[in-house]
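S.K.: Quick one: the structure is below, and I'll ask about it shortly.
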Amino acid sequence: MSKRSNWSIPYVVFLVLFVVLPLVLVLVYAFQDNSGHFTLGNITKFFTDKDALSTFAVSLEVALENTLLCILIGYPAAWILSNKQYNKSAVTIVLFIMPMWINALMRTLATAQLFTMLGITLGKGTLLFGMVYDYLPFMIYPIYNVLSKMDKSYAEAAVDLGATPWKAFWKVTVPLSMPGVTSGILMVFMPTVSTFAISEFLTNNKIKLFGTIIQENINSSMWNYGAALALIMLVIIGITSLFSKDKEEMEGGLI
Amino acid sequence: MSETDKIIEIQHLSKSFGDKKVLEDINLYIRRGEFITLLGPSGCGKTTLLRMIAGFLQPDEGSLLMDGKELAGIPPHERPLNTVFQRYALFPHLDVYDNIAFGLKLKKVPEEEIEKRVRKVLKLVAMSDYEDRDVETLSGGQQQRIAIARAIVNQPKVLLLDEPLAALDLKMRKDMQIELKEMHRKLGITFIYVTHDQEEALTLSDTIVVLNEGRIQQIGTPVDIYNEPVNCFVADFIGESNILKGRMLRDRRVAFIKHEFDCVDEGFGEDVPVDVVVRPEDIYFTTDPGKCQFKAKVNTCTFKGVHYEMWVDTDTGYELMIQDYDAYPVGSEVMLYIDPDDIQVMKKERVCNTLYGTVKDEETVELLGCDFPLRSSFEAGTEVKVEIPFDAIDLMDNLDDGVIDGEVHVILYMGNHYHLTIKTEDGDSLWVDTNDIWDKGDLVGIRLVPEKGIKITKKDE
């Protein structure tokens, strides 16, 4: 082995200890019963557990709504930020990104306090507000990146060929910025499926998300069931990221 | 010429970006069906002018007429012209067919007609079998053809081309030049072409507009521009040339390189300083002492394919470039002559630097915002005109030695010295004659040499 490849040893050790091993543990626990025998019971339990299934559905719904809201708010924001005509300084971009410098948990707690102070009842609305607030930068940044690197002559060519600026935007700028939207979706959708802290603070646990029930099971020492739920979530997220390549084209076509 | 022959007319057009004037008082008309080229070095304003015609930029002043109608206020998507962009700007998410059909689909042209027209232009650009190809899989030359097809399928009255061949390699560029010319002939529409490549401009154009520093230098046919450049810039920019200081003695008689020559120019007056251009292929060798106008010694001789390029030192101490089909050995004494027809005499744009400033005290004059040590007999506060000969300015390597800093902007070799244009930090120009070799972009300290005849007069006199 050459000297240089030795440098990778610490990283390999890290990956094995903190990524591979936990995954293997999740896998092992998910297919074991309390006494350590192999079973598919944990998995089947989920598919017959009405509460867990509905929580799962709510989680997906919230994650979808959050992602959609982030696109609706984030895309125009990214477009304005990338447009030199409207945004002449880098300060605005920093301001948009700055919330990411502060721990999400602290921001969420502060938001919850704010809602209580204003007398707003915690529920689905406040949950979505908190999620959009937390995840918006993750949507804006990749779209901004793609838009600001995009050759302006594409949009000009469209206008030159007779498209109104609005049509040029929809037929050229939007389809060409889809890679940014896709990575934005991945960065927003995946973490929102598994989050539990935001729903805990911003709904007082009125709305349970999938992450919440995993946490509850683990906390109450139901390790095997918890592991099975985690595994299911992992598979779902894995599938979404696998499909993201196709999604890019599909959404380009939809719009 | 009747008014209807003009498709585009530009009057007193000006444009600034911030403080920088990019175009100044442009007056130009473009004939229906001609191939016109906007030619100039980078930063001369040619692309800005093209983008204003396309509608992507609005002029600050002046008017832009198409078929007698003002174009200002008409957005780019409603103008009956199309552009071929510098890096083609083909839509990467669409295939060749959809790229070309883009404009027609927007105009809601029926599907069958779109198909017919797309096929037709694909045939015209010799890309018939490429309809379904992804544009990113095409070579540069192929993308270029598709970009042209995408523009002309809309049957514009005017086709704008923004350095369309700049990204291609030399061989491909030559081939595309011929094809563009052929396409222009077949389509019969007006082509407005932007390039910095003088050879391309000479090859393609019916009319060339030479631009520099935001101003039109000369408008003419390629032959006019080449044979009768109006100033040193044009002479230097188009083709190879010997640019020399001269003196018009009287009509049809001019002196340069310390010899006198017959020429064909008239009307300059008597004993007037002028600039003279002689193309290197217009200096002839002779063995007949009766024909010989001056003698020289061959200094270098390089084979260039079709001809040899030689630098000779004249008996009067000037260096000239000569191109000839025959090589003359280095070191040999040769006899040379120039035909009167081949001497191009140009009015001097300026004979010295003229600056306006204020007298600070007996020893100092404020010019260009700096205090120059210049002795004068005027009272402090007098506004004065200062005339500085080109050789009365000293350029220093060390910026601290100069009163102000400048950058070498243009270098012109005048046979036995260099004529430099220096841009100061504030964008003022100074013209300097020097024997020292500088490079374009060098930063220099600028100092005045009062002993060399700097003239100070009261401003109004």
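Lettering and numbering for the structure tokens are positional, with chains as A, B, ... in the shown order, residues counted from 1 in each chain, and ligands counted from 1 in the shown order.
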Listing only residues of chain A within 10 Å of chain B, what is the closest atom pair and its distance in Å (to one decimal) for each, using only C-alpha atoms, sorted by chain and residue number ascending, as a tab-separated table?

M.R.:
residue	atom	partner	partner_atom	distance
A:Asp151	CA	B:Ala89	CA	7.9
A:Lys152	CA	B:Ala89	CA	8.8
A:Ser153	CA	B:Ala89	CA	5.8
A:Tyr154	CA	B:Ala89	CA	5.2
A:Ala155	CA	B:Ala89	CA	8.7
A:Glu156	CA	B:Phe56	CA	7.8
A:Ala157	CA	B:Ala89	CA	6.5
A:Ala158	CA	B:Gly103	CA	7.8
A:Val159	CA	B:His77	CA	5.0
A:Asp160	CA	B:His77	CA	5.3
A:Leu161	CA	B:Gly103	CA	4.8
A:Gly162	CA	B:His77	CA	4.1
A:Ala163	CA	B:His77	CA	5.7
A:Thr164	CA	B:His77	CA	6.1
A:Pro165	CA	B:His77	CA	8.3
A:Lys167	CA	B:Leu106	CA	8.9
A:Ala168	CA	B:His77	CA	9.9
A:Lys171	CA	B:Phe102	CA	9.5
A:Val172	CA	B:Phe91	CA	7.3
A:Thr173	CA	B:Phe91	CA	9.8
A:Pro175	CA	B:His93	CA	7.2
A:Leu176	CA	B:His93	CA	6.8
A:Glu249	CA	B:His93	CA	9.4
A:Gly252	CA	B:His93	CA	9.1

S.K.: Residues near B:Lys258, anyone? I mean within 12 Å using only C-alpha atoms, not counting same-chain ones fewer than 2 positions away, as a ChimeraX atom specification.

M.R.: /B:244-247,254-256,260-261,293-295,314-318,415-416

S.K.: Create the file for the chosen residues now, containing N, CA and C atoms and written as a PDB file, in the first residue's frame.

M.R.:
ATOM      1  N   LEU B 244       4.076  56.573 -40.493  1.00  0.00           N
ATOM      2  CA  LEU B 244       5.232  57.453 -40.359  1.00  0.00           C
ATOM      3  C   LEU B 244       4.796  58.907 -40.241  1.00  0.00           C
ATOM      4  N   LYS B 245       5.631  59.670 -39.544  1.00  0.00           N
ATOM      5  CA  LYS B 245       5.382  61.105 -39.483  1.00  0.00           C
ATOM      6  C   LYS B 245       5.812  61.716 -40.808  1.00  0.00           C
ATOM      7  N   GLY B 246       5.030  62.641 -41.302  1.00  0.00           N
ATOM      8  CA  GLY B 246       5.419  63.258 -42.566  1.00  0.00           C
ATOM      9  C   GLY B 246       5.093  64.730 -42.592  1.00  0.00           C
ATOM     10  N   ARG B 247       5.394  65.333 -43.722  1.00  0.00           N
ATOM     11  CA  ARG B 247       5.111  66.760 -43.891  1.00  0.00           C
ATOM     12  C   ARG B 247       4.636  66.953 -45.325  1.00  0.00           C
ATOM     13  N   VAL B 254       5.007  65.012 -50.771  1.00  0.00           N
ATOM     14  CA  VAL B 254       5.055  64.782 -49.334  1.00  0.00           C
ATOM     15  C   VAL B 254       6.455  64.317 -48.947  1.00  0.00           C
ATOM     16  N   ALA B 255       6.881  64.702 -47.736  1.00  0.00           N
ATOM     17  CA  ALA B 255       8.188  64.267 -47.242  1.00  0.00           C
ATOM     18  C   ALA B 255       7.991  63.359 -46.043  1.00  0.00           C
ATOM     19  N   PHE B 256       8.660  62.231 -46.053  1.00  0.00           N
ATOM     20  CA  PHE B 256       8.754  61.386 -44.848  1.00  0.00           C
ATOM     21  C   PHE B 256      10.021  60.559 -44.936  1.00  0.00           C
ATOM     22  N   GLU B 260      11.777  62.925 -50.085  1.00  0.00           N
ATOM     23  CA  GLU B 260      10.567  63.516 -50.646  1.00  0.00           C
ATOM     24  C   GLU B 260       9.954  62.569 -51.664  1.00  0.00           C
ATOM     25  N   PHE B 261       8.636  62.508 -51.692  1.00  0.00           N
ATOM     26  CA  PHE B 261       7.942  61.595 -52.595  1.00  0.00           C
ATOM     27  C   PHE B 261       6.805  62.317 -53.310  1.00  0.00           C
ATOM     28  N   GLN B 293      14.205  55.516 -55.064  1.00  0.00           N
ATOM     29  CA  GLN B 293      13.896  56.736 -54.306  1.00  0.00           C
ATOM     30  C   GLN B 293      14.710  56.810 -53.027  1.00  0.00           C
ATOM     31  N   PHE B 294      14.998  55.651 -52.448  1.00  0.00           N
ATOM     32  CA  PHE B 294      15.851  55.632 -51.249  1.00  0.00           C
ATOM     33  C   PHE B 294      16.495  54.257 -51.107  1.00  0.00           C
ATOM     34  N   LYS B 295      17.595  54.251 -50.353  1.00  0.00           N
ATOM     35  CA  LYS B 295      18.323  53.000 -50.170  1.00  0.00           C
ATOM     36  C   LYS B 295      18.118  52.492 -48.755  1.00  0.00           C
ATOM     37  N   THR B 314      16.454  52.170 -43.364  1.00  0.00           N
ATOM     38  CA  THR B 314      16.720  53.095 -44.465  1.00  0.00           C
ATOM     39  C   THR B 314      18.011  53.850 -44.191  1.00  0.00           C
ATOM     40  N   ASP B 315      18.544  54.448 -45.260  1.00  0.00           N
ATOM     41  CA  ASP B 315      19.777  55.223 -45.111  1.00  0.00           C
ATOM     42  C   ASP B 315      19.577  56.424 -44.202  1.00  0.00           C
ATOM     43  N   THR B 316      18.318  56.754 -43.904  1.00  0.00           N
ATOM     44  CA  THR B 316      18.066  57.905 -43.040  1.00  0.00           C
ATOM     45  C   THR B 316      17.670  57.491 -41.623  1.00  0.00           C
ATOM     46  N   GLY B 317      17.800  56.196 -41.309  1.00  0.00           N
ATOM     47  CA  GLY B 317      17.597  55.759 -39.926  1.00  0.00           C
ATOM     48  C   GLY B 317      16.189  55.362 -39.553  1.00  0.00           C
ATOM     49  N   TYR B 318      15.362  54.989 -40.534  1.00  0.00           N
ATOM     50  CA  TYR B 318      14.018  54.517 -40.220  1.00  0.00           C
ATOM     51  C   TYR B 318      13.918  53.016 -40.496  1.00  0.00           C
ATOM     52  N   GLY B 415       8.357  53.988 -37.271  1.00  0.00           N
ATOM     53  CA  GLY B 415       9.549  53.886 -38.105  1.00  0.00           C
ATOM     54  C   GLY B 415      10.844  54.111 -37.352  1.00  0.00           C
ATOM     55  N   ASN B 416      10.892  55.135 -36.493  1.00  0.00           N
ATOM     56  CA  ASN B 416      12.106  55.341 -35.694  1.00  0.00           C
ATOM     57  C   ASN B 416      11.802  55.687 -34.242  1.00  0.00           C
TER      58      ASN B 416
END

S.K.: Go through B:Val359, B:Val444, B:Cys352, B:Leu430 and flag the residue nearest B:Asp405, using only C-alpha atoms for the distances.

M.R.: B:Val444

S.K.: Per residue of stretch 37-91 of chain B within 6 Å of stretch 14-21 of chain B, note the shortest atom pair and the distance in Å to one decimal, counting only C-alpha atoms, and order the rows by chain and increasing residue number, as JSON lines.

M.R.:
{"residue": "B:Pro59", "atom": "CA", "partner": "B:Lys15", "partner_atom": "CA", "distance": 5.4}
{"residue": "B:Asp60", "atom": "CA", "partner": "B:Lys15", "partner_atom": "CA", "distance": 5.0}
{"residue": "B:Glu61", "atom": "CA", "partner": "B:Ser14", "partner_atom": "CA", "distance": 5.1}

S.K.: Can you list, as a PyMOL selection string, every protein, DNA or RNA residue that comes within 7 Å of B:Arg250 when you count only C-alpha atoms, leaving out same-chain residues fewer than 6 positions away?

M.R.: chain B and resi 269-271

S.K.: List the spatial neighbours of A:Phe56 as a PDB file with N, CA, C and O atoms, in the first residue's frame - criterion: any atom at most 10 Å away, only C-alpha atoms, same-chain residues fewer than 3 positions off excluded.

M.R.:
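Okay, out_5.pdb is ready:
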ATOM      1  N   PHE A  46     -45.753  -2.213  12.085  1.00  0.00           N
ATOM      2  CA  PHE A  46     -45.923  -0.849  11.565  1.00  0.00           C
ATOM      3  C   PHE A  46     -47.081  -0.803  10.574  1.00  0.00           C
ATOM      4  O   PHE A  46     -47.921   0.087  10.630  1.00  0.00           O
ATOM      5  N   LYS A  50     -52.355   1.510  13.100  1.00  0.00           N
ATOM      6  CA  LYS A  50     -53.063   2.646  12.484  1.00  0.00           C
ATOM      7  C   LYS A  50     -52.435   3.972  12.885  1.00  0.00           C
ATOM      8  O   LYS A  50     -52.257   4.860  12.055  1.00  0.00           O
ATOM      9  N   ASP A  51     -52.081   4.094  14.177  1.00  0.00           N
ATOM     10  CA  ASP A  51     -51.497   5.349  14.660  1.00  0.00           C
ATOM     11  C   ASP A  51     -50.212   5.675  13.919  1.00  0.00           C
ATOM     12  O   ASP A  51     -50.022   6.784  13.425  1.00  0.00           O
ATOM     13  N   ALA A  52     -49.355   4.666  13.854  1.00  0.00           N
ATOM     14  CA  ALA A  52     -48.055   4.876  13.205  1.00  0.00           C
ATOM     15  C   ALA A  52     -48.249   5.239  11.739  1.00  0.00           C
ATOM     16  O   ALA A  52     -47.601   6.156  11.218  1.00  0.00           O
ATOM     17  N   LEU A  53     -49.174   4.525  11.074  1.00  0.00           N
ATOM     18  CA  LEU A  53     -49.413   4.797   9.659  1.00  0.00           C
ATOM     19  C   LEU A  53     -49.930   6.213   9.438  1.00  0.00           C
ATOM     20  O   LEU A  53     -49.483   6.916   8.531  1.00  0.00           O
ATOM     21  N   SER A  59     -46.684  13.073   8.432  1.00  0.00           N
ATOM     22  CA  SER A  59     -45.293  13.481   8.224  1.00  0.00           C
ATOM     23  C   SER A  59     -45.019  13.794   6.767  1.00  0.00           C
ATOM     24  O   SER A  59     -44.434  14.827   6.436  1.00  0.00           O
ATOM     25  N   LEU A  60     -45.447  12.849   5.897  1.00  0.00           N
ATOM     26  CA  LEU A  60     -45.224  13.052   4.468  1.00  0.00           C
ATOM     27  C   LEU A  60     -45.944  14.308   3.992  1.00  0.00           C
ATOM     28  O   LEU A  60     -45.390  15.109   3.239  1.00  0.00           O
ATOM     29  N   GLU A  61     -47.184  14.474   4.494  1.00  0.00           N
ATOM     30  CA  GLU A  61     -47.975  15.624   4.075  1.00  0.00           C
ATOM     31  C   GLU A  61     -47.287  16.926   4.490  1.00  0.00           C
ATOM     32  O   GLU A  61     -47.118  17.834   3.673  1.00  0.00           O
ATOM     33  N   VAL A  62     -46.882  16.974   5.753  1.00  0.00           N
ATOM     34  CA  VAL A  62     -46.226  18.184   6.248  1.00  0.00           C
ATOM     35  C   VAL A  62     -44.946  18.460   5.464  1.00  0.00           C
ATOM     36  O   VAL A  62     -44.671  19.595   5.060  1.00  0.00           O
ATOM     37  N   VAL A 193     -39.011  15.171   6.779  1.00  0.00           N
ATOM     38  CA  VAL A 193     -39.702  13.908   7.054  1.00  0.00           C
ATOM     39  C   VAL A 193     -39.294  13.385   8.424  1.00  0.00           C
ATOM     40  O   VAL A 193     -40.096  12.853   9.181  1.00  0.00           O
ATOM     41  N   SER A 194     -38.021  13.557   8.761  1.00  0.00           N
ATOM     42  CA  SER A 194     -37.529  12.917   9.981  1.00  0.00           C
ATOM     43  C   SER A 194     -37.447  13.844  11.178  1.00  0.00           C
ATOM     44  O   SER A 194     -37.037  13.440  12.250  1.00  0.00           O
ATOM     45  N   LYS A 208     -48.019  14.911  15.825  1.00  0.00           N
ATOM     46  CA  LYS A 208     -46.853  14.032  15.911  1.00  0.00           C
ATOM     47  C   LYS A 208     -46.330  13.754  14.508  1.00  0.00           C
ATOM     48  O   LYS A 208     -47.094  13.489  13.585  1.00  0.00           O
ATOM     49  N   LEU A 209     -45.029  13.801  14.393  1.00  0.00           N
ATOM     50  CA  LEU A 209     -44.422  13.447  13.109  1.00  0.00           C
ATOM     51  C   LEU A 209     -43.715  12.105  13.266  1.00  0.00           C
ATOM     52  O   LEU A 209     -43.528  11.602  14.376  1.00  0.00           O
ATOM     53  N   PHE A 210     -43.344  11.549  12.138  1.00  0.00           N
ATOM     54  CA  PHE A 210     -42.731  10.234  12.145  1.00  0.00           C
ATOM     55  C   PHE A 210     -41.492  10.200  13.039  1.00  0.00           C
ATOM     56  O   PHE A 210     -41.268   9.257  13.784  1.00  0.00           O
ATOM     57  N   GLY A 211     -40.711  11.269  12.955  1.00  0.00           N
ATOM     58  CA  GLY A 211     -39.532  11.367  13.806  1.00  0.00           C
ATOM     59  C   GLY A 211     -39.900  11.289  15.274  1.00  0.00           C
ATOM     60  O   GLY A 211     -39.166  10.712  16.085  1.00  0.00           O
ATOM     61  N   ILE A 213     -42.419   9.648  16.708  1.00  0.00           N
ATOM     62  CA  ILE A 213     -42.714   8.308  17.235  1.00  0.00           C
ATOM     63  C   ILE A 213     -41.460   7.434  17.304  1.00  0.00           C
ATOM     64  O   ILE A 213     -41.337   6.602  18.201  1.00  0.00           O
ATOM     65  N   LEU A 229     -38.869   1.270  12.553  1.00  0.00           N
ATOM     66  CA  LEU A 229     -39.428   2.518  12.004  1.00  0.00           C
ATOM     67  C   LEU A 229     -38.344   3.357  11.335  1.00  0.00           C
ATOM     68  O   LEU A 229     -38.537   3.893  10.241  1.00  0.00           O
ATOM     69  N   MET A 233     -38.116   4.578   7.398  1.00  0.00           N
ATOM     70  CA  MET A 233     -37.917   5.954   6.986  1.00  0.00           C
ATOM     71  C   MET A 233     -36.701   6.089   6.068  1.00  0.00           C
ATOM     72  O   MET A 233     -36.726   6.787   5.057  1.00  0.00           O
TER      73      MET A 233
END

S.K.: Write out as a PyMOL selection string which residues come within 10 Å of A:Leu122 when counting only C-alpha atoms, dropping same-chain ones fewer than 6 positions away.

M.R.: chain A and resi 112+115-116+199+201-207

S.K.: For the residues in the current selection, export N, CA, C and O atoms as a short mmCIF file (atom, residue, chain, number, x, y, z; two decimals), in the first residue's frame.

M.R.:
data_model
loop_
_atom_site.label_atom_id
_atom_site.label_comp_id
_atom_site.auth_asym_id
_atom_site.auth_seq_id
_atom_site.Cartn_x
_atom_site.Cartn_y
_atom_site.Cartn_z
N ALA A 112 -41.30 29.61 19.02
CA ALA A 112 -42.38 29.13 19.87
C ALA A 112 -42.74 30.16 20.93
O ALA A 112 -43.91 30.48 21.16
N PHE A 115 -44.68 33.01 19.40
CA PHE A 115 -46.09 32.68 19.16
C PHE A 115 -46.89 32.73 20.47
O PHE A 115 -47.98 33.27 20.52
N THR A 116 -46.32 32.17 21.53
CA THR A 116 -47.00 32.18 22.83
C THR A 116 -47.24 33.61 23.28
O THR A 116 -48.32 33.97 23.74
N SER A 199 -41.80 19.98 15.59
CA SER A 199 -43.20 19.71 15.92
C SER A 199 -43.40 19.68 17.43
O SER A 199 -44.43 20.09 17.94
N PHE A 201 -41.78 21.50 19.71
CA PHE A 201 -41.80 22.85 20.26
C PHE A 201 -42.95 23.69 19.71
O PHE A 201 -43.57 24.46 20.43
N LEU A 202 -43.22 23.55 18.42
CA LEU A 202 -44.15 24.48 17.78
C LEU A 202 -45.59 24.00 17.77
O LEU A 202 -46.49 24.70 17.31
N THR A 203 -45.83 22.76 18.22
CA THR A 203 -47.23 22.33 18.34
C THR A 203 -47.50 21.76 19.72
O THR A 203 -48.57 21.22 19.99
N ASN A 204 -46.48 21.85 20.59
CA ASN A 204 -46.60 21.23 21.91
C ASN A 204 -46.94 19.74 21.80
O ASN A 204 -47.74 19.22 22.57
N ASN A 205 -46.39 19.09 20.79
CA ASN A 205 -46.63 17.68 20.54
C ASN A 205 -48.08 17.36 20.16
O ASN A 205 -48.51 16.22 20.23
N LYS A 206 -48.82 18.40 19.78
CA LYS A 206 -50.20 18.15 19.32
C LYS A 206 -50.15 17.38 18.01
O LYS A 206 -50.95 16.49 17.76
N ILE A 207 -49.23 17.79 17.15
CA ILE A 207 -49.07 17.06 15.90
C ILE A 207 -47.81 16.21 16.01
O ILE A 207 -46.73 16.72 16.31
#

S.K.: Hey, what's within 8 Å of stretch 409-414 of chain B if we count only C-alpha atoms and toss same-chain stuff fewer than 3 positions away? As JSON, numbers by chain, please?

M.R.: {"B": [236, 242, 243, 244, 245, 417, 418, 419, 420, 421, 422, 423, 439, 440, 441]}

S.K.: Put those residues in a file: N, CA, C and O atoms, as a PDB file, in the first residue's frame.

M.R.:
ATOM      1  N   ASP B 236      -3.422  51.176 -38.490  1.00  0.00           N
ATOM      2  CA  ASP B 236      -2.741  50.204 -37.650  1.00  0.00           C
ATOM      3  C   ASP B 236      -3.615  48.982 -37.394  1.00  0.00           C
ATOM      4  O   ASP B 236      -3.141  47.856 -37.350  1.00  0.00           O
ATOM      5  N   ASN B 242       3.160  50.523 -42.436  1.00  0.00           N
ATOM      6  CA  ASN B 242       4.209  51.415 -41.951  1.00  0.00           C
ATOM      7  C   ASN B 242       3.545  52.762 -41.734  1.00  0.00           C
ATOM      8  O   ASN B 242       3.052  53.377 -42.687  1.00  0.00           O
ATOM      9  N   ILE B 243       3.487  53.187 -40.478  1.00  0.00           N
ATOM     10  CA  ILE B 243       2.887  54.490 -40.174  1.00  0.00           C
ATOM     11  C   ILE B 243       4.018  55.441 -39.825  1.00  0.00           C
ATOM     12  O   ILE B 243       4.861  55.120 -38.982  1.00  0.00           O
ATOM     13  N   LEU B 244       4.076  56.573 -40.493  1.00  0.00           N
ATOM     14  CA  LEU B 244       5.232  57.453 -40.359  1.00  0.00           C
ATOM     15  C   LEU B 244       4.796  58.907 -40.241  1.00  0.00           C
ATOM     16  O   LEU B 244       3.745  59.288 -40.753  1.00  0.00           O
ATOM     17  N   LYS B 245       5.631  59.670 -39.544  1.00  0.00           N
ATOM     18  CA  LYS B 245       5.382  61.105 -39.483  1.00  0.00           C
ATOM     19  C   LYS B 245       5.812  61.716 -40.808  1.00  0.00           C
ATOM     20  O   LYS B 245       6.857  61.347 -41.342  1.00  0.00           O
ATOM     21  N   HIS B 417      10.540  55.712 -33.882  1.00  0.00           N
ATOM     22  CA  HIS B 417      10.174  55.917 -32.476  1.00  0.00           C
ATOM     23  C   HIS B 417       8.765  55.370 -32.250  1.00  0.00           C
ATOM     24  O   HIS B 417       8.082  54.991 -33.209  1.00  0.00           O
ATOM     25  N   TYR B 418       8.391  55.321 -30.984  1.00  0.00           N
ATOM     26  CA  TYR B 418       7.043  54.850 -30.661  1.00  0.00           C
ATOM     27  C   TYR B 418       6.146  56.024 -30.316  1.00  0.00           C
ATOM     28  O   TYR B 418       6.587  56.975 -29.667  1.00  0.00           O
ATOM     29  N   HIS B 419       4.902  55.949 -30.776  1.00  0.00           N
ATOM     30  CA  HIS B 419       3.915  56.961 -30.397  1.00  0.00           C
ATOM     31  C   HIS B 419       2.910  56.266 -29.481  1.00  0.00           C
ATOM     32  O   HIS B 419       2.207  55.353 -29.904  1.00  0.00           O
ATOM     33  N   LEU B 420       2.899  56.676 -28.199  1.00  0.00           N
ATOM     34  CA  LEU B 420       2.074  55.982 -27.218  1.00  0.00           C
ATOM     35  C   LEU B 420       0.866  56.823 -26.823  1.00  0.00           C
ATOM     36  O   LEU B 420       0.948  58.048 -26.774  1.00  0.00           O
ATOM     37  N   THR B 421      -0.225  56.147 -26.553  1.00  0.00           N
ATOM     38  CA  THR B 421      -1.351  56.810 -25.915  1.00  0.00           C
ATOM     39  C   THR B 421      -1.356  56.340 -24.468  1.00  0.00           C
ATOM     40  O   THR B 421      -1.385  55.146 -24.198  1.00  0.00           O
ATOM     41  N   ILE B 422      -1.283  57.299 -23.549  1.00  0.00           N
ATOM     42  CA  ILE B 422      -1.264  56.974 -22.122  1.00  0.00           C
ATOM     43  C   ILE B 422      -2.598  57.396 -21.528  1.00  0.00           C
ATOM     44  O   ILE B 422      -3.060  58.515 -21.759  1.00  0.00           O
ATOM     45  N   LYS B 423      -3.207  56.491 -20.791  1.00  0.00           N
ATOM     46  CA  LYS B 423      -4.452  56.836 -20.105  1.00  0.00           C
ATOM     47  C   LYS B 423      -4.122  57.095 -18.644  1.00  0.00           C
ATOM     48  O   LYS B 423      -3.526  56.256 -17.986  1.00  0.00           O
ATOM     49  N   ASP B 439       5.298  48.114 -22.974  1.00  0.00           N
ATOM     50  CA  ASP B 439       4.259  47.160 -23.382  1.00  0.00           C
ATOM     51  C   ASP B 439       2.906  47.744 -23.066  1.00  0.00           C
ATOM     52  O   ASP B 439       2.759  48.539 -22.136  1.00  0.00           O
ATOM     53  N   LYS B 440       1.914  47.305 -23.833  1.00  0.00           N
ATOM     54  CA  LYS B 440       0.535  47.714 -23.558  1.00  0.00           C
ATOM     55  C   LYS B 440       0.173  47.278 -22.144  1.00  0.00           C
ATOM     56  O   LYS B 440       0.449  46.148 -21.746  1.00  0.00           O
ATOM     57  N   GLY B 441      -0.405  48.182 -21.370  1.00  0.00           N
ATOM     58  CA  GLY B 441      -0.808  47.843 -20.010  1.00  0.00           C
ATOM     59  C   GLY B 441       0.228  48.193 -18.961  1.00  0.00           C
ATOM     60  O   GLY B 441      -0.043  48.100 -17.769  1.00  0.00           O
TER      61      GLY B 441
END

S.K.: Considering only C-alpha atoms, can you say which of A:Ile93, A:Val58, A:Leu68, A:Gln215 comes closest to A:Ile80?

M.R.: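 Counting only C-alpha atoms, the residue closest to A:Ile80 is A:Ile93.
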
S.K.: Set the distance at 9 Å and use only C-alpha atoms: which residues neighbour B:Val384 once local chain neighbours fewer than 4 positions away are removed? I'd like the list as a list of chain:residue names.

M.R.: B:Leu355, B:Tyr356, B:Gly357, B:Thr358, B:Val359, B:Val365, B:Phe378, B:Ile456, B:Thr457, B:Lys458, B:Lys459, B:Asp460

S.K.: To one decimal in Å, tell me the separation between atom CA of B:Gly369 and atom CA of B:Met396.

M.R.: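 Going from atom CA of B:Gly369 over to atom CA of B:Met396, I get 19.1 Å.
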
S.K.: Can you check which residues of stretch 102-336 of chain B DSSP gives as alpha helix (DSSP H) on the backbone and send them as JSON, numbers by chain?

M.R.: {"B": [102, 103, 104, 105, 106, 111, 112, 113, 114, 115, 116, 117, 118, 119, 120, 121, 122, 123, 124, 140, 141, 142, 143, 144, 145, 146, 147, 148, 149, 150, 151, 152, 170, 171, 172, 173, 174, 175, 176, 177, 178, 179, 180, 181, 182, 183, 184, 185, 186, 187, 198, 199, 200, 201, 202, 203, 204, 222, 223, 224, 225, 226, 227, 232, 233, 234, 235, 236, 237]}

S.K.: I'd like to know which residues of stretch 267-423 of chain B are strand (DSSP E) (by DSSP, run on the backbone); could you write them as a ChimeraX atom specification?

M.R.: /B:272-278,283-286,294-303,308-314,319-324,333-338,344-347,353-361,364-367,370-373,383-388,393-396,404-413,418-423

S.K.: Please determine, counting only C-alpha atoms, which residue among A:Trp170, A:Phe129, A:Gly74, A:Asp134 has the shortest atom-to-atom distance to A:Asn103.

M.R.: A:Asp134

S.K.: One decimal, Å: what's the distance from atom CA of B:His259 over to atom CA of B:Ala296, could you say?

M.R.: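 Pair atom CA of B:His259 / atom CA of B:Ala296 returns 12.4 Å.
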
S.K.: Atom CA of B:Val272 and atom CA of B:Glu387 are how many Å apart?

M.R.: 17.9 Å
